[in-house]
Each structure stands twice: as C-alpha cells, then as structure tokens.
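*Asks:* Pasting coords_34.pdb below, which is PDB, C-alpha atoms.
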```pdb
ATOM      1  CA  MET R   9     -11.645   4.547  -3.195
ATOM      2  CA  GLY R  10     -13.887   1.726  -2.118
ATOM      3  CA  ALA R  11     -12.800  -1.569  -0.625
ATOM      4  CA  ALA R  12      -9.256  -1.502  -1.890
ATOM      5  CA  ALA R  13      -6.359  -3.418  -0.444
ATOM      6  CA  THR R  14      -4.710  -1.975   2.612
ATOM      7  CA  PRO R  15      -1.358  -0.213   2.461
ATOM      8  CA  GLY R  16       1.927  -1.298   3.896
ATOM      9  CA  ARG R  17       2.912  -0.909   7.536
ATOM     10  CA  SER R  18       4.120   2.166   9.350
ATOM     11  CA  GLY R  19       5.564   2.368  12.842
ATOM     12  CA  ALA R  20       2.736   1.099  15.017
ATOM     13  CA  LEU R  21       1.005  -0.454  12.037
ATOM     14  CA  ARG R  22       0.723  -4.163  11.490
ATOM     15  CA  ARG R  23       4.087  -5.855  11.868
ATOM     16  CA  PRO R  24       5.085  -7.617   8.639
ATOM     17  CA  ALA R  25       5.926 -11.290   8.557
ATOM     18  CA  GLN R  26       9.680 -11.791   8.724
ATOM     19  CA  PRO R  27      11.343 -13.311   5.643
ATOM     20  CA  ASP R  28      13.597 -16.362   5.769
ATOM     21  CA  LEU R  29      16.836 -14.777   4.600
ATOM     22  CA  ASP R  30      18.560 -18.145   4.122
ATOM     23  CA  ALA R  31      15.911 -19.126   1.582
ATOM     24  CA  LEU R  32      16.261 -15.885  -0.384
ATOM     25  CA  PRO R  33      19.306 -16.637  -2.619
ATOM     26  CA  PRO R  34      17.871 -19.895  -4.043
ATOM     27  CA  LEU R  35      14.486 -18.203  -4.500
ATOM     28  CA  LEU R  36      16.059 -15.339  -6.452
ATOM     29  CA  ALA R  37      17.994 -17.806  -8.618
ATOM     30  CA  ARG R  38      14.832 -19.807  -9.324
ATOM     31  CA  LEU R  39      12.857 -16.709 -10.283
ATOM     32  CA  GLN R  40      15.687 -15.541 -12.540
ATOM     33  CA  ALA R  41      15.798 -18.935 -14.273
ATOM     34  CA  ALA R  42      12.016 -18.822 -14.726
ATOM     35  CA  GLY R  43      12.269 -15.514 -16.593
ATOM     36  CA  ALA R  44      10.870 -13.458 -13.725
ATOM     37  CA  PRO R  45      13.864 -11.581 -12.274
ATOM     38  CA  THR R  46      12.849 -10.048  -8.970
ATOM     39  CA  ALA R  47      14.461  -7.528  -6.658
ATOM     40  CA  PRO R  48      15.631  -9.141  -3.405
ATOM     41  CA  HIS R  49      13.481  -6.942  -1.174
ATOM     42  CA  VAL R  50      10.392  -7.680  -3.290
ATOM     43  CA  ALA R  51      11.051 -11.419  -3.210
ATOM     44  CA  ALA R  52      11.504 -11.208   0.559
ATOM     45  CA  VAL R  53       8.174  -9.401   1.020
ATOM     46  CA  VAL R  54       6.291 -11.846  -1.205
ATOM     47  CA  ALA R  55       7.901 -14.892   0.394
ATOM     48  CA  ALA R  56       7.093 -13.676   3.910
ATOM     49  CA  ALA R  57       3.509 -12.808   2.964
ATOM     50  CA  LEU R  58       3.024 -16.307   1.554
ATOM     51  CA  ALA R  59       4.765 -18.245   4.328
ATOM     52  CA  GLY R  60       7.590 -19.370   2.046
ATOM     53  CA  ASP R  61       5.160 -21.440  -0.048
ATOM     54  CA  GLY R  62       7.112 -21.897  -3.281
ATOM     55  CA  GLU R  63       4.119 -22.551  -5.517
ATOM     56  CA  ALA R  64       2.174 -19.613  -4.069
ATOM     57  CA  ILE R  65       5.218 -17.358  -4.458
ATOM     58  CA  ASP R  66       5.589 -18.352  -8.117
ATOM     59  CA  GLU R  67       1.897 -17.617  -8.758
ATOM     60  CA  ALA R  68       2.124 -14.222  -7.057
ATOM     61  CA  ILE R  69       5.324 -13.208  -8.822
ATOM     62  CA  ARG R  70       3.886 -14.191 -12.215
ATOM     63  CA  GLY R  71       0.912 -11.949 -11.479
ATOM     64  CA  LEU R  72       3.090  -8.880 -10.891
ATOM     65  CA  ARG R  73       4.105  -6.404 -13.532
ATOM     66  CA  PRO R  74       7.848  -6.316 -14.292
ATOM     67  CA  ALA R  75       8.167  -2.915 -12.610
ATOM     68  CA  GLN R  76       6.532  -4.311  -9.463
ATOM     69  CA  ARG R  77       8.879  -7.313  -9.442
ATOM     70  CA  LEU R  78      11.839  -4.950  -9.689
ATOM     71  CA  GLY R  79      10.600  -2.711  -6.865
ATOM     72  CA  ARG R  80       9.920   0.303  -9.077
ATOM     73  CA  GLU R  81       6.151   0.202  -8.533
ATOM     74  CA  ALA R  82       4.173  -0.459  -5.365
ATOM     75  CA  LEU R  83       3.040  -4.012  -4.673
ATOM     76  CA  PRO R  84      -0.630  -4.817  -4.140
ATOM     77  CA  ASP R  85      -1.334  -5.419  -0.471
ATOM     78  CA  PRO R  86      -2.603  -7.927   0.402
ATOM     79  CA  LEU R  87      -1.165  -9.927  -2.460
ATOM     80  CA  PRO R  88      -3.826 -11.550  -4.647
ATOM     81  CA  CYS R  89      -4.508 -15.226  -4.011
ATOM     82  CA  GLY R  90      -3.728 -17.993  -6.432
ATOM     83  CA  PRO R  91      -4.763 -21.651  -6.453
ATOM     84  CA  ALA R  92      -1.852 -22.589  -4.181
ATOM     85  CA  VAL R  93      -3.071 -20.306  -1.384
ATOM     86  CA  GLU R  94      -6.619 -21.617  -1.758
ATOM     87  CA  ALA R  95      -5.330 -25.190  -1.591
ATOM     88  CA  ALA R  96      -3.196 -24.457   1.466
ATOM     89  CA  VAL R  97      -5.589 -22.494   3.685
ATOM     90  CA  GLY R  98      -8.935 -22.268   1.903
ATOM     91  CA  GLY R  99     -10.308 -25.341   3.653
ATOM     92  CA  LEU R 100      -9.389 -23.901   7.053
ATOM     93  CA  GLY R 101     -11.004 -20.570   6.229
ATOM     94  CA  ARG R 102     -14.189 -22.030   4.789
ATOM     95  CA  ALA R 103     -14.680 -24.221   7.867
ATOM     96  CA  LEU R 104     -15.198 -21.062   9.937
ATOM     97  CA  SER R 105     -18.632 -19.634  10.618
ATOM     98  CA  PRO R 106     -19.668 -16.380   8.860
ATOM     99  CA  TRP R 107     -18.875 -14.217  11.904
ATOM    100  CA  GLU R 108     -15.476 -15.872  12.304
ATOM    101  CA  ARG R 109     -14.654 -15.185   8.665
ATOM    102  CA  ARG R 110     -15.618 -11.539   9.283
ATOM    103  CA  VAL R 111     -13.028 -11.448  12.061
ATOM    104  CA  LEU R 112     -10.386 -12.675   9.603
ATOM    105  CA  LEU R 113     -11.555 -10.179   6.984
ATOM    106  CA  ALA R 114     -11.362  -7.308   9.475
ATOM    107  CA  ALA R 115      -7.866  -8.449  10.481
ATOM    108  CA  SER R 116      -6.823  -8.590   6.814
ATOM    109  CA  VAL R 117      -7.816  -4.970   6.124
ATOM    110  CA  ALA R 118      -6.909  -3.399   9.466
ATOM    111  CA  VAL R 119      -3.787  -1.260   9.247
ATOM    112  CA  VAL R 120      -2.933  -1.572  12.909
ATOM    113  CA  ASP R 121      -2.677  -4.845  14.777
ATOM    114  CA  ARG R 122      -4.950  -3.758  17.644
ATOM    115  CA  ILE R 123      -7.518  -6.444  18.396
ATOM    116  CA  ASP R 124      -9.675  -3.992  20.381
ATOM    117  CA  ALA R 125     -10.641  -2.106  17.233
ATOM    118  CA  ILE R 126     -11.802  -5.314  15.551
ATOM    119  CA  LEU R 127     -13.759  -6.421  18.613
ATOM    120  CA  LEU R 128     -15.438  -3.027  18.871
ATOM    121  CA  ALA R 129     -16.189  -2.932  15.143
ATOM    122  CA  LEU R 130     -17.824  -6.376  15.119
ATOM    123  CA  GLY R 131     -19.479  -6.194  18.513
ATOM    124  CA  LEU R 132     -17.452  -9.054  19.978
ATOM    125  CA  THR R 133     -15.519  -9.750  23.160
ATOM    126  CA  MET R 134     -12.109 -11.303  23.542
ATOM    127  CA  ALA R 135     -13.825 -14.354  25.039
ATOM    128  CA  ASP R 136     -15.850 -14.760  21.834
ATOM    129  CA  VAL R 137     -12.672 -14.910  19.753
ATOM    130  CA  VAL R 138     -10.577 -16.984  22.137
ATOM    131  CA  GLY R 139     -13.357 -19.552  22.519
ATOM    132  CA  SER R 140     -13.863 -20.031  18.778
ATOM    133  CA  PRO R 141     -11.891 -21.773  16.011
ATOM    134  CA  VAL R 142     -10.792 -18.373  14.688
ATOM    135  CA  SER R 143      -8.337 -18.249  17.608
ATOM    136  CA  GLY R 144      -6.370 -20.918  15.758
ATOM    137  CA  CYS R 145      -5.946 -18.493  12.860
ATOM    138  CA  LEU R 146      -4.854 -15.428  14.838
ATOM    139  CA  ARG R 147      -2.048 -15.218  17.378
ATOM    140  CA  LEU R 148      -3.307 -12.952  20.182
ATOM    141  CA  THR R 149      -0.770 -11.322  22.513
ATOM    142  CA  ALA R 150      -1.045  -8.238  24.717
ATOM    143  CA  GLY R 151      -3.975  -6.809  22.807
ATOM    144  CA  ARG R 152      -2.306  -7.351  19.434
ATOM    145  CA  PHE R 153      -2.941  -9.907  16.733
ATOM    146  CA  ALA R 154      -0.988 -11.578  13.967
ATOM    147  CA  PHE R 155      -1.979 -14.220  11.438
ATOM    148  CA  VAL R 156      -0.680 -17.632  12.424
ATOM    149  CA  ASP R 157      -0.283 -18.353   8.707
ATOM    150  CA  PRO R 158       0.188 -15.131   6.701
ATOM    151  CA  ARG R 159      -1.439 -16.806   3.684
ATOM    152  CA  LEU R 160      -4.733 -16.540   5.577
ATOM    153  CA  ARG R 161      -4.577 -12.760   5.243
ATOM    154  CA  CYS R 162      -4.467 -13.024   1.449
ATOM    155  CA  TRP R 163      -7.211 -15.647   1.470
ATOM    156  CA  ALA R 164      -9.538 -13.724   3.809
ATOM    157  CA  HIS R 165      -9.278 -10.566   1.720
ATOM    158  CA  ASP R 166      -9.523 -12.304  -1.651
ATOM    159  CA  SER R 167     -12.444 -14.559  -0.738
ATOM    160  CA  ALA R 168     -14.641 -11.675   0.466
ATOM    161  CA  SER R 169     -16.924  -9.726  -1.843
ATOM    162  CA  VAL R 170     -16.558  -5.985  -2.439
ATOM    163  CA  ALA R 171     -19.723  -5.448  -0.395
ATOM    164  CA  GLU R 172     -18.289  -7.430   2.520
ATOM    165  CA  ARG R 173     -15.003  -5.535   2.456
ATOM    166  CA  THR R 174     -16.814  -2.203   2.209
ATOM    167  CA  GLU R 175     -18.999  -3.033   5.208
ATOM    168  CA  VAL R 176     -16.011  -4.049   7.326
ATOM    169  CA  HIS R 177     -14.159  -0.849   6.409
ATOM    170  CA  ALA R 178     -17.201   1.173   7.502
ATOM    171  CA  LEU R 179     -17.392  -0.701  10.812
ATOM    172  CA  LEU R 180     -13.665  -0.198  11.426
ATOM    173  CA  ALA R 181     -13.939   3.511  10.602
ATOM    174  CA  ASP R 182     -16.600   3.863  13.283
ATOM    175  CA  ALA R 183     -14.578   1.799  15.770
ATOM    176  CA  TYR R 184     -11.391   3.828  15.305
ATOM    177  CA  ALA R 185     -13.364   7.061  15.641
ATOM    178  CA  ARG R 186     -14.814   5.819  18.931
ATOM    179  CA  LEU R 187     -11.299   4.881  20.072
ATOM    180  CA  GLY R 188     -10.066   8.391  19.275
ATOM    181  CA  ASP R 189      -7.823   7.235  16.406
ATOM    182  CA  GLU R 190      -8.985   9.676  13.747
ATOM    183  CA  PRO R 191      -6.211   8.987  11.174
ATOM    184  CA  ARG R 192      -7.177   5.298  10.966
ATOM    185  CA  ALA R 193     -10.867   6.269  10.977
ATOM    186  CA  VAL R 194     -10.262   8.528   7.957
ATOM    187  CA  TRP R 195      -8.432   5.760   6.101
ATOM    188  CA  HIS R 196     -11.185   3.192   6.597
ATOM    189  CA  ARG R 197     -13.865   5.791   5.884
ATOM    190  CA  ALA R 198     -12.208   6.447   2.538
ATOM    191  CA  LEU R 199     -12.167   2.752   1.669
ATOM    192  CA  ALA R 200     -15.826   2.408   2.658
ATOM    193  CA  THR R 201     -16.814   5.181   0.218
ATOM    194  CA  LEU R 202     -17.512   3.629  -3.161
ATOM    195  CA  GLU R 203     -18.373   6.839  -5.012
ATOM    196  CA  GLY R 204     -15.617   9.054  -3.635
ATOM    197  CA  ASP R 205     -15.819  11.947  -1.209
ATOM    198  CA  PRO R 206     -13.834  15.152  -1.865
ATOM    199  CA  ALA R 207     -14.157  16.044   1.829
ATOM    200  CA  LEU R 208     -11.748  13.199   2.610
ATOM    201  CA  VAL R 209      -8.948  14.557   0.410
ATOM    202  CA  GLU R 210      -7.410  17.008   2.867
ATOM    203  CA  PRO R 211      -7.482  14.632   5.885
ATOM    204  CA  LEU R 212      -5.952  11.883   3.759
ATOM    205  CA  LEU R 213      -3.219  14.176   2.444
ATOM    206  CA  ALA R 214      -2.428  15.336   5.974
ATOM    207  CA  LEU R 215      -2.113  11.669   6.978
ATOM    208  CA  ALA R 216       0.087  10.935   3.959
ATOM    209  CA  GLU R 217       2.406  13.881   4.604
ATOM    210  CA  ALA R 218       2.751  12.946   8.273
ATOM    211  CA  ALA R 219       3.575   9.348   7.343
ATOM    212  CA  ASP R 220       6.164  10.456   4.775
ATOM    213  CA  GLU R 221       7.760  12.806   7.297
ATOM    214  CA  ALA R 222       7.895   9.912   9.782
ATOM    215  CA  GLY R 223       9.786   7.814   7.236
ATOM    216  CA  ASP R 224       7.055   5.432   6.068
ATOM    217  CA  ALA R 225       7.028   6.277   2.383
ATOM    218  CA  GLU R 226       5.070   3.188   1.273
ATOM    219  CA  TRP R 227       2.153   3.951   3.581
ATOM    220  CA  ALA R 228       2.298   7.639   2.610
ATOM    221  CA  HIS R 229       2.206   6.717  -1.075
ATOM    222  CA  ALA R 230      -0.824   4.457  -0.599
ATOM    223  CA  VAL R 231      -2.728   7.105   1.373
ATOM    224  CA  ALA R 232      -1.926   9.848  -1.157
ATOM    225  CA  ARG R 233      -3.096   7.609  -4.002
ATOM    226  CA  GLU R 234      -6.361   7.092  -2.126
ATOM    227  CA  ALA R 235      -6.680  10.863  -1.662
ATOM    228  CA  GLU R 236      -6.219  11.423  -5.386
ATOM    229  CA  SER R 237      -8.989   8.933  -6.171
ATOM    230  CA  HIS R 238     -11.397  11.027  -4.074
ATOM    231  CA  ALA R 239     -10.260  14.396  -5.446
ATOM    232  CA  ASP R 240     -12.847  15.025  -8.219
ATOM    233  CA  GLY R 241     -12.496  18.760  -8.652
ATOM    234  CA  VAL R 242     -10.466  19.543  -5.544
ATOM    235  CA  PRO R 243      -6.677  19.926  -5.780
ATOM    236  CA  THR R 244      -5.799  16.728  -7.607
ATOM    237  CA  ALA R 245      -2.342  18.091  -8.438
ATOM    238  CA  ARG R 246      -1.437  18.358  -4.760
ATOM    239  CA  ALA R 247      -2.457  14.735  -4.217
ATOM    240  CA  ALA R 248      -0.328  13.728  -7.193
ATOM    241  CA  LEU R 249       2.598  15.703  -5.778
ATOM    242  CA  VAL R 250       2.331  14.070  -2.346
ATOM    243  CA  ALA R 251       2.023  10.629  -3.954
ATOM    244  CA  GLY R 252       5.019  11.312  -6.184
ATOM    245  CA  VAL R 253       7.225  12.582  -3.372
ATOM    246  CA  ALA R 254       6.370   9.570  -1.213
ATOM    247  CA  ALA R 255       7.005   7.203  -4.114
ATOM    248  CA  LEU R 256      10.401   8.803  -4.712
ATOM    249  CA  HIS R 257      11.281   8.527  -1.020
ATOM    250  CA  GLY R 258      10.274   4.854  -1.107
ATOM    251  CA  GLY R 259      12.353   4.051  -4.198
ATOM    252  CA  LEU R 260       9.241   3.443  -6.330
ATOM    253  CA  VAL R 261      10.749   5.378  -9.214
ATOM    254  CA  ASP R 262       8.234   4.353 -11.902
ATOM    255  CA  ASP R 263       5.359   5.446  -9.676
ATOM    256  CA  ALA R 264       7.245   8.634  -8.843
ATOM    257  CA  VAL R 265       7.699   9.559 -12.515
ATOM    258  CA  VAL R 266       3.989   9.044 -13.213
ATOM    259  CA  TRP R 267       2.726  11.054 -10.240
ATOM    260  CA  LEU R 268       5.316  13.822 -10.443
ATOM    261  CA  GLY R 269       4.708  14.064 -14.189
ATOM    262  CA  GLU R 270       1.041  14.709 -13.483
ATOM    263  CA  ALA R 271       1.851  17.249 -10.789
ATOM    264  CA  ALA R 272       4.329  19.025 -13.067
ATOM    265  CA  LEU R 273       1.487  19.942 -15.418
ATOM    266  CA  ASP R 274      -0.132  22.085 -12.738
ATOM    267  CA  PRO R 275       1.040  25.726 -12.613
ATOM    268  CA  VAL R 276       1.388  25.667  -8.823
ATOM    269  CA  ALA R 277       2.502  22.102  -8.107
ATOM    270  CA  ARG R 278       5.125  22.107 -10.868
ATOM    271  CA  GLU R 279       7.289  24.517  -8.847
ATOM    272  CA  ARG R 280       8.180  21.620  -6.547
ATOM    273  CA  ALA R 281       7.387  18.732  -8.888
ATOM    274  CA  LEU R 282       9.695  19.605 -11.781
ATOM    275  CA  PRO R 283      13.082  19.238 -10.022
ATOM    276  CA  LEU R 284      11.870  16.043  -8.308
ATOM    277  CA  LEU R 285      10.575  14.669 -11.607
ATOM    278  CA  LEU R 286      13.997  15.113 -13.204
ATOM    279  CA  HIS R 287      15.611  13.333 -10.271
ATOM    280  CA  ALA R 288      13.120  10.444 -10.445
ATOM    281  CA  SER R 289      13.556  10.168 -14.194
ATOM    282  CA  ALA R 290      17.342   9.956 -13.823
ATOM    283  CA  LEU R 291      17.001   7.208 -11.223
ATOM    284  CA  ARG R 292      14.560   5.336 -13.454
ATOM    285  CA  THR R 293      16.595   5.455 -16.664
ATOM    286  CA  GLY R 294      20.166   5.906 -15.470
ATOM    287  CA  LEU R 295      20.440   8.908 -17.786
ATOM    288  CA  VAL R 296      20.513  12.609 -17.074
ATOM    289  CA  ALA R 297      17.036  13.899 -17.853
ATOM    290  CA  ASP R 298      18.006  16.822 -20.105
ATOM    291  CA  ALA R 299      15.408  15.901 -22.726
ATOM    292  CA  GLU R 300      12.793  15.498 -19.998
ATOM    293  CA  LEU R 301      13.562  19.013 -18.773
ATOM    294  CA  ASP R 302      13.168  20.467 -22.271
ATOM    295  CA  GLU R 303       9.899  18.607 -22.820
ATOM    296  CA  ARG R 304       8.462  19.720 -19.506
ATOM    297  CA  LEU R 305       9.421  23.344 -20.091
ATOM    298  CA  GLU R 306       7.592  23.224 -23.426
ATOM    299  CA  ALA R 307       4.553  21.387 -21.995
ATOM    300  CA  GLY R 308       3.351  23.968 -19.502
ATOM    301  CA  PRO R 309       3.735  27.476 -18.152
ATOM    302  CA  PRO R 310       7.309  28.443 -17.320
ATOM    303  CA  PRO R 311       8.342  27.668 -13.745
ATOM    304  CA  SER R 312       9.738  30.290 -11.451
ATOM    305  CA  ALA R 313      13.400  31.137 -11.709
ATOM    306  CA  ALA R 314      14.037  29.300  -8.431
ATOM    307  CA  ALA R 315      12.322  26.101  -9.619
ATOM    308  CA  LEU R 316      14.149  26.221 -12.948
ATOM    309  CA  ALA R 317      17.461  26.768 -11.153
ATOM    310  CA  ARG R 318      16.819  23.754  -8.917
ATOM    311  CA  ALA R 319      15.963  21.603 -11.916
ATOM    312  CA  CYS R 320      19.059  22.677 -13.841
ATOM    313  CA  ALA R 321      21.258  22.246 -10.771
ATOM    314  CA  ASP R 322      19.944  18.716 -10.296
ATOM    315  CA  ALA R 323      20.655  17.881 -13.939
ATOM    316  CA  ALA R 324      24.146  19.347 -13.597
ATOM    317  CA  ARG R 325      24.752  17.326 -10.440
ATOM    318  CA  HIS R 326      23.825  14.125 -12.273
ATOM    319  CA  HIS R 327      26.163  15.048 -15.108
ATOM    320  CA  ALA R 328      28.952  15.628 -12.601
TER     321      ALA R 328
END
```
Would you mind writing the file's structure down as structure tokens?
*Replies:*
Amino acid sequence: MGAAATPGRSGALRRPAQPDLDALPPLLARLQAAGAPTAPHVAAVVAAALAGDGEAIDEAIRGLRPAQRLGREALPDPLPCGPAVEAAVGGLGRALSPWERRVLLAASVAVVDRIDAILLALGLTMADVVGSPVSGCLRLTAGRFAFVDPRLRCWAHDSASVAERTEVHALLADAYARLGDEPRAVWHRALATLEGDPALVEPLLALAEAADEAGDAEWAHAVAREAESHADGVPTARAALVAGVAALHGGLVDDAVVWLGEAALDPVARERALPLLLHASALRTGLVADAELDERLEAGPPPSAAALARACADAARHHA
C-alpha cells in the first residue's frame, strides 16, 4: 500500500527500454567474476533500465538479493538509484522547476505511457510540456511518452518524498477515473492509500486475475501483492493464492513458494494452492517435493480427495 514502486508492463502498459543484446555476454561474465551471478533476463532488464551504464548496473545488482538476481523473486520497479545514477542525471533533474519534476515523477509511476492522463492529473496542456525543459527528458509521440534516458525514471521516483509520490498517485487515480480507465484508477488509488483500504481488495484481485489470464504474470503478481497488503481481515488467503499463481506463471519460483505456502494454510484456498505449491517447490529445489507434501498434510486440515490426488499426481509426474 502507499506510494510503492510501480509494477512491470502489460500489453498497453509502458513499453520497456530495449536491452543491448550484444553487450549482454560481457556483462554477464563481469557480474559472474564479481561474485554476483545474474540471470540473463534479469541483467537485460537492469541494463536497459539504466541505459547500459556499467557503474549504475553494478550498484543496482549489488543491491539485489541473490534470488532477485537469479530471477526467482520479483525485481523492484523502478530500480533504486545509486550514486552513479545521481551523477549521470541528477543535475539535469534538479535543474527543472518543481512542476516539471512533478511531470517526471508522474511519468515514473504511471503504468501506461499515455501523456493525456498525466496532463489531466497535473492540470497541464501539451503546450506547457513541449515548451518547457521537461520536453528534453520525455520523448512525446502520438500521445505517448517515453523517457529519453531511462535512468531519469529511477531518479525521478527515488528523489521524491513519500508524500510527493502519494499525492501524484492520488491525482493519477482521479485522472484515470475521469478518462474511464477504472483498472488504472484502482491501482493508483491503492498506492495513494497509506493506511490500507479493504474495499480495494476485490477490484485489485479482479485486475490481477485479468492480467494473469492475459499473460502478464509480473503485473498480475504486483497487483495481487498490493491487494494482500490492503486485506486486513478480508480474504487474505485468496490474495496470497492469486499472487502465488501469478508468481509461478512468471517463473518467480521463490515468490511462488512463499505465497502459495501461505495460501495452503487456508482451508479453502489450499484446495488449489497445495498442488501448485508442490510444483513450485520442485522447480525451486530441483527435487520432488515429497517431504513438502507430508509437511503440508500435517500442517492443516486435510484437503479434498481431488486436491490430494492432484498433488500426488504432480509429485508422481516429477518422479517420472
């Protein structure tokens, strides 16, 4: 809840910066030699987000947990800034006026690359943006925006206070609602709510399930995690289940084991969570999760015969 980082992209969501694939093999070798082995797709995401800046990449990778470097846990988004990002783009950002920095902040937390939502949220016109220095920071084309230097996105988010990020999320929630984009309005409303709001849980879970069904597991996982943080007495187990399923679909096996393990403790959610938990555990460890099955059966009420059969069949399939 609150002014958290935004999730990854989905379909019409912000287009990610494209990695330099030719630079990837030497980057992976350098990270391996530095004692920070990193999965290729994670290195590609970090490198693209930091404009291939070697020093900034090293700082970001060192700040990740091993499971994040290996792609088994979700990455923070935006990536946190280090001194290299501040040195590269901080001067450019700090030269902007307060309202121009708010434009960059809104762009850094917006989950779609529609400039109209930002203009509406901040009470600006396209002429205001185009005629100001902030136009040198954002590439504007056909009503869409992209950061000229992707490091500016990290800097804009990191240099803002929690209060500033919360205010911008609230303004964007109102703007998306006025534009008729209720899913984005719900997301920003959730991030503008510092104390949590159980009424947001169901809309967020509906958004997460729709995103997962559409094939964007990372976005679904982020939205379901946000739903769980607002739960507070409403069906937390369902939020954990949705987060775990999305994590499993996205290959985030460590996250999947944690969330599905929580869901498997619930008498209702465990019917679906238990077989998926065994599958995630096998992917995480490379071992058939027989012991995990025994432990889970002892830890809670017995699952239905169908759920137990699915779990045993999955274990047998891994053995085979």
*Asks:* Pick out the closest residue to Arg159 (chain R) from this set: R:Ala277, R:Leu146, R:Leu286, R:Leu295. Count all atoms listed in the file.
*Replies:*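 Ranking R:Ala277, R:Leu146, R:Leu286, R:Leu295 by distance to Arg159 (chain R), first place goes to R:Leu146.
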*Asks:* Might you spell out which residues the PyMOL selection byres ((chain R and resi 267) around 12) would select in the displayed file, as a PyMOL selection string?
*Replies:* chain R and resi 81+229+232-233+236+244-256+260-266+268-274+277-278+281-282+284-285+288-289
*Asks:* Considering all atoms listed in the file, return as a PyMOL selection string whatever protein or nucleic-acid residues lie within 12 Å of region 37-48 of chain R, sequence-local ones (same chain, fewer than 6 positions apart) excluded.
*Replies:* chain R and resi 27-29+31+54-55+62-63+65-81
*Asks:* Starting from the shown file, work through the PyMOL selection byres ((chain R and resi 149) around 12) and note down what comes out as a ChimeraX atom specification.
*Replies:* /R:121-124,134,138,143,146-148,150-156
*Asks:* Measure the distance from CA of Leu213 (chain R) to CA of Ala178 (chain R) in Å and round it to one decimal.
*Replies:*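 Answer for the CA of Leu213 (chain R) to CA of Ala178 (chain R) separation: 19.8 Å.
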*Asks:* List the residues selected by the PyMOL selection byres ((chain R and resi 239) around 9) in the file shown, writing them as a VMD selection string.
*Replies:* chain R and resid 204 to 209 234 to 238 240 to 244 247
*Asks:* Taking a cut-off of 12 Å and counting only C-alpha atoms, can you build a table that, for each residue of region 79-104 of chain R near region 112-118 of chain R, reports the nearest atom pair and how far apart they are in Å (one decimal), sorted by chain then residue number, as CSV?
*Replies:*
```
residue,atom,partner,partner_atom,distance
R:Asp85,CA,R:Val117,CA,9.3
R:Pro86,CA,R:Ser116,CA,7.7
R:Leu87,CA,R:Ser116,CA,10.9
R:Leu100,CA,R:Leu112,CA,11.6
R:Gly101,CA,R:Leu112,CA,8.6
R:Arg102,CA,R:Leu112,CA,11.2
R:Leu104,CA,R:Leu112,CA,9.7
```
*Asks:* Separation of CA of His165 (chain R) and CA of Leu58 (chain R), in Å?
*Replies:*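 Here the two named atoms are 13.6 Å from each other.
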*Asks:* Enter the distance from CA of Leu130 (chain R) to CA of Val111 (chain R), in Å, rounded to one decimal.
*Replies:*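 That distance, rounded to one decimal, is 7.6 Å.
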*Asks:* Need the shell around region 166-174 of chain R: protein/DNA/RNA residues with any atom at most 7 Å away, counting only C-alpha atoms. Skip same-chain ones fewer than 3 positions apart. Format as a list of chain:residue names?
*Replies:*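 Contacts, with the query itself left out: R:Gly10, R:Ala11, R:Pro88, R:Cys89, R:Cys162, R:Trp163, R:His177, R:Ala178, R:Leu199, R:Ala200.
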*Asks:* For a quick check of understanding, using all atoms listed in the file, which of R:Gly60, R:Pro158, R:Pro34, R:Gly144 has the smallest distance to Ala103 (chain R)?
*Replies:*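 The closest residue to Ala103 (chain R) is R:Gly144.
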*Asks:* Which is closest to Val97 (chain R) among R:Ala59, R:Ala198, R:Ala225, R:Leu35, if we use all atoms listed in the file?
*Replies:* R:Ala59
